[in-house]
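Next comes structure.cif, with mmCIF, C-alpha atoms.
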data_entry
loop_
_atom_site.label_atom_id
_atom_site.label_comp_id
_atom_site.auth_asym_id
_atom_site.auth_seq_id
_atom_site.Cartn_x
_atom_site.Cartn_y
_atom_site.Cartn_z
CA MET A 90 -28.46 17.38 7.17
CA ILE A 91 -25.22 19.10 8.26
CA ASP A 92 -23.07 17.16 10.71
CA VAL A 93 -22.71 18.89 14.06
CA PHE A 94 -19.12 19.65 15.02
CA HIS A 95 -17.80 18.18 18.24
CA VAL A 96 -14.37 18.53 19.85
CA SER A 97 -14.12 14.75 19.70
CA ASP A 98 -14.04 15.06 15.90
CA LEU A 99 -10.59 16.67 16.19
CA LEU A 100 -9.36 13.76 18.30
CA THR A 101 -10.71 11.33 15.73
CA ILE A 102 -8.94 13.20 12.92
CA ALA A 103 -5.68 13.13 14.91
CA ALA A 104 -6.02 9.37 15.39
CA LEU A 105 -6.72 8.84 11.69
CA VAL A 106 -3.73 10.99 10.69
CA ALA A 107 -1.49 8.88 12.95
CA LEU A 108 -2.90 5.68 11.46
CA GLU A 109 -2.39 6.86 7.88
CA GLY A 110 1.13 8.03 8.70
CA LEU A 111 2.07 4.60 10.04
CA LEU A 112 0.57 2.81 7.04
CA SER A 113 1.98 5.18 4.42
CA ALA A 114 5.59 3.98 4.64
CA ASP A 115 4.97 0.40 3.47
CA ASN A 116 2.41 1.63 0.93
CA ALA A 117 4.90 4.12 -0.52
CA MET A 118 7.61 1.47 -0.74
CA VAL A 119 5.38 -0.90 -2.71
CA LEU A 120 4.19 1.83 -5.08
CA ALA A 121 7.78 2.97 -5.66
CA VAL A 122 8.69 -0.58 -6.74
CA LEU A 123 5.83 -0.59 -9.28
CA VAL A 124 7.22 2.39 -11.22
CA LEU A 125 10.82 1.14 -11.48
CA GLY A 126 10.07 -0.39 -14.90
CA LEU A 127 9.46 3.04 -16.44
CA PRO A 128 12.19 5.30 -17.83
CA LYS A 129 13.59 7.44 -15.02
CA PRO A 130 12.02 10.74 -16.24
CA GLN A 131 8.57 9.08 -16.17
CA GLN A 132 8.83 7.47 -12.72
CA ARG A 133 8.01 10.52 -10.61
CA LYS A 134 5.39 11.60 -13.17
CA ALA A 135 3.62 8.23 -12.86
CA LEU A 136 3.69 8.48 -9.07
CA ARG A 137 2.33 12.03 -9.22
CA TYR A 138 -0.56 11.01 -11.46
CA GLY A 139 -1.14 7.94 -9.30
CA ILE A 140 -1.37 10.10 -6.18
CA PHE A 141 -3.89 12.44 -7.85
CA GLY A 142 -5.95 9.37 -8.69
CA ALA A 143 -5.56 8.14 -5.12
CA PHE A 144 -7.30 11.26 -3.82
CA ALA A 145 -10.27 10.62 -6.11
CA PHE A 146 -10.43 6.85 -5.56
CA ARG A 147 -10.11 7.10 -1.78
CA SER A 148 -12.80 9.75 -1.65
CA ILE A 149 -15.18 7.56 -3.67
CA ALA A 150 -14.25 4.48 -1.63
CA THR A 151 -14.88 6.39 1.60
CA VAL A 152 -18.34 7.43 0.42
CA LEU A 153 -19.09 3.82 -0.47
CA ALA A 154 -17.45 2.39 2.65
CA ALA A 155 -20.69 2.24 4.61
CA PHE A 156 -21.84 -0.29 2.01
CA LEU A 157 -18.48 -1.95 1.42
CA ILE A 158 -17.97 -2.62 5.13
CA ARG A 159 -20.84 -5.13 4.86
CA LEU A 160 -19.36 -6.70 1.72
CA GLY A 161 -16.59 -8.93 3.04
CA SER A 162 -15.71 -10.18 -0.43
CA VAL A 163 -14.04 -6.81 -1.11
CA LYS A 164 -11.16 -7.88 1.12
CA LEU A 165 -10.88 -11.21 -0.69
CA VAL A 166 -10.71 -9.48 -4.08
CA GLY A 167 -8.03 -7.12 -2.79
CA ALA A 168 -6.07 -10.00 -1.27
CA ALA A 169 -6.27 -11.95 -4.55
CA TYR A 170 -4.87 -9.00 -6.50
CA LEU A 171 -1.97 -8.56 -4.08
CA LEU A 172 -1.20 -12.30 -4.12
CA TYR A 173 -1.15 -12.11 -7.92
CA LEU A 174 1.53 -9.42 -7.70
CA VAL A 175 3.55 -11.61 -5.31
CA TYR A 176 3.21 -14.65 -7.58
CA ARG A 177 4.38 -12.64 -10.61
CA HIS A 178 7.44 -11.50 -8.68
CA PHE A 179 8.57 -14.71 -6.96
CA GLY A 180 7.03 -17.31 -9.28
CA GLY A 181 8.50 -16.18 -12.58
CA GLY A 182 11.42 -18.62 -12.49
CA ASP A 183 14.01 -15.83 -12.72
CA THR A 184 17.28 -15.73 -10.84
CA ALA A 185 17.48 -13.51 -7.76
CA GLU A 186 19.29 -10.80 -9.72
CA GLU A 187 16.75 -10.90 -12.56
CA ARG A 188 13.85 -10.87 -10.11
CA ARG A 189 15.10 -7.76 -8.33
CA ALA A 190 15.96 -5.89 -11.51
CA ALA A 191 13.35 -3.44 -12.74
CA ARG A 192 11.22 -5.09 -15.40
CA PRO A 193 10.30 -2.81 -18.29
CA ALA A 194 6.74 -1.54 -17.98
CA GLU A 195 4.33 -3.30 -20.35
CA PRO A 196 0.97 -2.36 -21.90
CA TRP A 197 -2.05 -3.54 -19.93
CA LEU A 198 -5.73 -3.66 -20.87
CA GLY A 199 -5.12 -1.58 -23.99
CA MET A 200 -3.18 1.13 -22.12
CA THR A 201 0.33 2.30 -22.88
CA PRO A 202 3.10 1.15 -20.50
CA PHE A 203 3.03 4.55 -18.74
CA TRP A 204 -0.72 4.67 -18.16
CA ALA A 205 -0.79 0.96 -17.30
CA THR A 206 1.74 1.69 -14.55
CA VAL A 207 -0.33 4.64 -13.30
CA ALA A 208 -3.42 2.39 -13.17
CA LYS A 209 -1.54 -0.28 -11.22
CA VAL A 210 -0.27 2.35 -8.77
CA GLU A 211 -3.82 3.60 -8.18
CA LEU A 212 -5.29 0.10 -7.88
CA THR A 213 -2.61 -1.06 -5.45
CA ASP A 214 -3.00 2.09 -3.35
CA LEU A 215 -6.74 1.48 -3.16
CA VAL A 216 -6.26 -2.12 -2.02
CA PHE A 217 -3.80 -0.98 0.65
CA ALA A 218 -6.32 1.65 1.74
CA ILE A 219 -9.16 -0.83 2.36
CA ASP A 220 -8.25 -1.41 5.99
CA SER A 221 -7.69 2.24 6.86
CA ILE A 222 -10.94 3.30 5.16
CA LEU A 223 -12.99 0.68 7.01
CA VAL A 224 -11.33 1.61 10.32
CA ALA A 225 -12.08 5.28 9.62
CA VAL A 226 -15.75 4.56 8.94
CA ALA A 227 -15.92 2.59 12.18
CA MET A 228 -14.40 5.52 14.10
CA SER A 229 -16.67 8.24 12.71
CA PRO A 230 -19.77 8.39 10.48
CA LYS A 231 -18.86 11.91 9.30
CA LEU A 232 -17.43 12.07 5.79
CA TRP A 233 -15.50 15.30 6.39
CA VAL A 234 -13.79 13.78 9.45
CA ILE A 235 -12.77 10.65 7.52
CA LEU A 236 -11.40 12.62 4.57
CA SER A 237 -9.58 15.07 6.87
CA GLY A 238 -7.83 12.14 8.53
CA GLY A 239 -7.04 10.26 5.32
CA VAL A 240 -5.69 13.02 3.07
CA PRO A 241 -2.51 13.62 5.18
CA GLY A 242 -1.59 9.96 4.66
CA ILE A 243 -1.57 10.46 0.88
CA ILE A 244 0.51 13.62 1.27
CA THR A 245 2.97 11.72 3.49
CA MET A 246 3.39 9.08 0.80
CA ARG A 247 4.12 11.74 -1.80
CA MET A 248 6.83 13.23 0.43
CA VAL A 249 8.75 9.97 0.91
CA PHE A 250 8.51 8.57 -2.64
CA GLY A 251 11.70 10.25 -3.87
CA GLN A 252 13.78 8.94 -0.99
CA LEU A 253 12.37 5.43 -1.34
CA LEU A 254 13.02 5.33 -5.09
CA SER A 255 16.67 6.24 -4.50
CA LEU A 256 16.96 3.68 -1.70
CA ILE A 257 15.44 0.86 -3.76
CA GLU A 258 17.62 1.67 -6.77
CA ARG A 259 20.71 1.52 -4.55
CA TYR A 260 19.63 -1.65 -2.72
CA PRO A 261 17.69 -3.91 -5.15
CA LEU A 262 17.25 -6.48 -2.36
CA LEU A 263 14.55 -4.18 -0.97
CA VAL A 264 12.36 -5.16 -3.93
CA ASP A 265 11.98 -8.65 -2.46
CA GLY A 266 11.19 -7.07 0.90
CA ALA A 267 8.44 -4.97 -0.67
CA PHE A 268 6.75 -8.06 -2.11
CA VAL A 269 7.02 -9.90 1.21
CA ILE A 270 5.14 -6.93 2.71
CA ILE A 271 2.53 -7.27 -0.04
CA ALA A 272 2.18 -10.97 0.80
CA TRP A 273 1.64 -10.18 4.49
CA VAL A 274 -0.99 -7.53 3.73
CA SER A 275 -2.89 -10.01 1.53
CA ILE A 276 -2.74 -12.69 4.25
CA ARG A 277 -4.02 -10.17 6.81
CA LEU A 278 -6.97 -9.28 4.55
CA VAL A 279 -7.88 -12.96 4.23
CA LEU A 280 -7.62 -13.48 8.00
CA GLU A 281 -9.85 -10.45 8.62
CA PHE A 282 -12.44 -11.82 6.19
CA LEU A 283 -12.37 -15.24 7.88
CA HIS A 284 -12.70 -13.60 11.30
CA ALA A 285 -15.67 -11.51 10.14
CA GLN A 286 -17.34 -14.69 8.88
CA GLY A 287 -16.75 -16.40 12.23
CA TRP A 288 -14.49 -19.06 10.69
CA VAL A 289 -11.43 -18.11 12.77
CA ALA A 290 -11.60 -16.89 16.36
CA PHE A 291 -8.57 -14.62 16.45
CA GLN A 292 -7.86 -11.28 14.82
CA VAL A 293 -4.39 -9.86 14.22
CA PRO A 294 -3.97 -6.67 16.28
CA GLU A 295 -2.99 -3.61 14.26
CA TRP A 296 0.19 -3.07 16.29
CA ILE A 297 1.39 -6.60 15.51
CA SER A 298 0.68 -6.10 11.82
CA LEU A 299 2.56 -2.79 11.71
CA GLY A 300 5.40 -4.24 13.80
CA LEU A 301 5.81 -7.13 11.38
CA ILE A 302 5.98 -4.72 8.44
CA VAL A 303 8.71 -2.74 10.23
CA VAL A 304 10.62 -5.99 10.91
CA ILE A 305 10.35 -7.09 7.26
CA PHE A 306 11.60 -3.72 6.01
CA GLY A 307 14.39 -3.60 8.61
CA ALA A 308 15.52 -7.14 7.83
CA SER A 309 15.52 -6.43 4.08
CA LEU A 310 17.54 -3.24 4.52
CA GLY A 311 19.94 -4.91 6.96
CA TYR A 312 20.52 -7.83 4.59
CA ALA A 313 21.05 -5.42 1.69
CA LEU A 314 23.64 -3.47 3.69
CA LEU A 315 25.46 -6.66 4.72
CA THR A 316 25.46 -7.92 1.15
CA GLU A 317 26.89 -4.65 -0.17
CA THR A 318 29.57 -4.68 2.54
CA GLY A 319 30.50 -8.27 1.68
CA GLU A 320 30.74 -7.50 -2.04
CA ALA A 321 32.89 -4.45 -1.35
CA ARG A 322 35.56 -6.58 0.42
#

Can you give me the file's structure in the form of structure tokens?
Amino acid sequence: MIDVFHVSDLLTIAALVALEGLLSADNAMVLAVLVLGLPKPQQRKALRYGIFGAFAFRSIATVLAAFLIRLGSVKLVGAAYLLYLVYRHFGGGDTAEERRAARPAEPWLGMTPFWATVAKVELTDLVFAIDSILVAVAMSPKLWVILSGGVPGIITMRMVFGQLLSLIERYPLLVDGAFVIIAWVSIRLVLEFLHAQGWVAFQVPEWISLGLIVVIFGASLGYALLTETGEAR
């Protein structure tokens, strides 16, 4: 059965585009950090391949979202993966300088370092997309509306990757900020799961979540700028 077009579909698409645009900045920053361990010529290539995969994975996840929205454990699995990334970054026992330096990419699950990095980029993007996909399904049951609203977010990420890579390479302190953002996203996923189960009464509003991400990024950048200024004196 073909979905009937309504003018309200355009408003829904506009709302989804705005949502994806707001969420794409922190997503792009985290994915940019993941490719720093590759040789410079391979970094943009890995991001490009990862973005192509993101189109496919998000499309599949959107089709399955009607089922996944009833499977709360998906959020717990995503949160666990993100917390694992945070633990690897902050719990390795390295000094601050070593922690913020780009670690060489390593093989993973039988894949070469390059393809392992591409896989991690795609997996992390999918975890970050869980919330936006579920919100999109709640806003409209029409697949073409959901995809039309979600694709611009992926394009936005691709446009800002180059600038973020340069910024992170200049200010390594932003790496810590990126993993603090990852930690917050994982905590939010757990809280949403607990709320859906009726175990906690409150739910974090989207504007508070986005505002906190902006504050974390701003504080990280501000601290990096102050540190550079202090070292220059």

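Evaluating the PyMOL selection byres ((chain A and resi 124) around 10) against the shown model yields Val119, Leu120, Ala121, Val122, Leu123, Leu125, Gly126, Leu127, Pro128, Lys129, Gln131, Gln132, Arg133, Lys134, Ala135, Leu136, Ala191, Arg192, Pro193, Ala194, Phe203, Thr206, Val207, Lys209, Val210 and Leu254 of chain A.
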
For this session: Might you pull out every residue within 12 Å of A:Val293, with all atoms listed in the file counted and same-chain residues fewer than 3 positions away left off, and present them as a PyMOL selection string?
Result: chain A and resi 273-274+276-284+289-290+296-301

Problem set entry | Residue neighbourhood A:Gly307, 12 Å, all atoms listed in the file, exclusion window fewer than 3 positions, as JSON, numbers by chain | {"A": [115, 262, 263, 266, 267, 270, 300, 301, 302, 303, 304, 310, 311, 312, 313, 314]}

Given 5 Å on each side, where is the centre and what are the edge lengths in Å to one decimal of the axis-aligned box enclosing the listed atoms of stretch 138-149 of chain A, as JSON?
{"center_x": -7.9, "center_y": 9.6, "center_z": -6.6, "size_x": 24.6, "size_y": 15.6, "size_z": 19.8}

Seminar exercise, completed: What separates atom CA of A:Leu165 and atom CA of A:Lys231 is a distance of 26.4 Å

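Using all atoms listed in the file, the smallest distance between any of A:Leu232, A:Ile149, A:Ala168, A:Val249 and A:Asn116 comes from A:Val249.
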
Exercise. Residues picked by the PyMOL selection byres ((chain A and resi 171) around 9) here, as an NGL selection string?
Worked result: :A and (166-170 or 172-176 or 213 or 216 or 268 or 271-272 or 274-275)

Would you save the residues of that selection, restricted to C-alpha atoms, as a CSV table (one decimal), in the coordinates of the input?
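File produced: again15.csv:
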chain,number,residue,atom,x,y,z
A,166,VAL,CA,-10.7,-9.5,-4.1
A,167,GLY,CA,-8.0,-7.1,-2.8
A,168,ALA,CA,-6.1,-10.0,-1.3
A,169,ALA,CA,-6.3,-12.0,-4.6
A,170,TYR,CA,-4.9,-9.0,-6.5
A,172,LEU,CA,-1.2,-12.3,-4.1
A,173,TYR,CA,-1.2,-12.1,-7.9
A,174,LEU,CA,1.5,-9.4,-7.7
A,175,VAL,CA,3.6,-11.6,-5.3
A,176,TYR,CA,3.2,-14.6,-7.6
A,213,THR,CA,-2.6,-1.1,-5.4
A,216,VAL,CA,-6.3,-2.1,-2.0
A,268,PHE,CA,6.8,-8.1,-2.1
A,271,ILE,CA,2.5,-7.3,0.0
A,272,ALA,CA,2.2,-11.0,0.8
A,274,VAL,CA,-1.0,-7.5,3.7
A,275,SER,CA,-2.9,-10.0,1.5

Hey, could you patch up stretch 261-278 of chain A with N, CA and C atoms and hand it over as a short mmCIF file (atom, residue, chain, number, x, y, z; two decimals), in the coordinates of the input?
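The new file rebuild-v9.cif reads:
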data_model
loop_
_atom_site.label_atom_id
_atom_site.label_comp_id
_atom_site.auth_asym_id
_atom_site.auth_seq_id
_atom_site.Cartn_x
_atom_site.Cartn_y
_atom_site.Cartn_z
N PRO A 261 18.75 -3.14 -4.47
CA PRO A 261 17.69 -3.91 -5.15
C PRO A 261 17.07 -5.00 -4.28
N LEU A 262 17.80 -5.46 -3.24
CA LEU A 262 17.25 -6.48 -2.36
C LEU A 262 15.95 -6.02 -1.70
N LEU A 263 15.77 -4.70 -1.59
CA LEU A 263 14.55 -4.18 -0.97
C LEU A 263 13.31 -4.50 -1.80
N VAL A 264 13.50 -4.79 -3.08
CA VAL A 264 12.36 -5.16 -3.93
C VAL A 264 11.70 -6.43 -3.40
N ASP A 265 12.53 -7.42 -3.04
CA ASP A 265 11.98 -8.65 -2.46
C ASP A 265 11.25 -8.34 -1.16
N GLY A 266 11.83 -7.45 -0.35
CA GLY A 266 11.19 -7.07 0.90
C GLY A 266 9.82 -6.44 0.67
N ALA A 267 9.71 -5.63 -0.36
CA ALA A 267 8.44 -4.97 -0.67
C ALA A 267 7.37 -6.01 -1.00
N PHE A 268 7.75 -7.05 -1.74
CA PHE A 268 6.75 -8.06 -2.11
C PHE A 268 6.43 -9.01 -0.95
N VAL A 269 7.35 -9.15 -0.01
CA VAL A 269 7.02 -9.90 1.21
C VAL A 269 5.98 -9.11 2.01
N ILE A 270 6.13 -7.78 2.05
CA ILE A 270 5.14 -6.93 2.71
C ILE A 270 3.78 -7.08 2.03
N ILE A 271 3.78 -7.09 0.70
CA ILE A 271 2.53 -7.27 -0.04
C ILE A 271 1.88 -8.60 0.34
N ALA A 272 2.71 -9.66 0.44
CA ALA A 272 2.18 -10.97 0.80
C ALA A 272 1.54 -10.94 2.19
N TRP A 273 2.19 -10.25 3.13
CA TRP A 273 1.64 -10.18 4.49
C TRP A 273 0.31 -9.41 4.50
N VAL A 274 0.24 -8.31 3.77
CA VAL A 274 -0.99 -7.53 3.73
C VAL A 274 -2.13 -8.37 3.16
N SER A 275 -1.84 -9.16 2.12
CA SER A 275 -2.89 -10.01 1.53
C SER A 275 -3.33 -11.08 2.52
N ILE A 276 -2.39 -11.68 3.25
CA ILE A 276 -2.74 -12.69 4.25
C ILE A 276 -3.61 -12.07 5.35
N ARG A 277 -3.25 -10.85 5.76
CA ARG A 277 -4.02 -10.17 6.81
C ARG A 277 -5.45 -9.90 6.34
N LEU A 278 -5.62 -9.51 5.09
CA LEU A 278 -6.97 -9.28 4.55
C LEU A 278 -7.80 -10.56 4.57
#
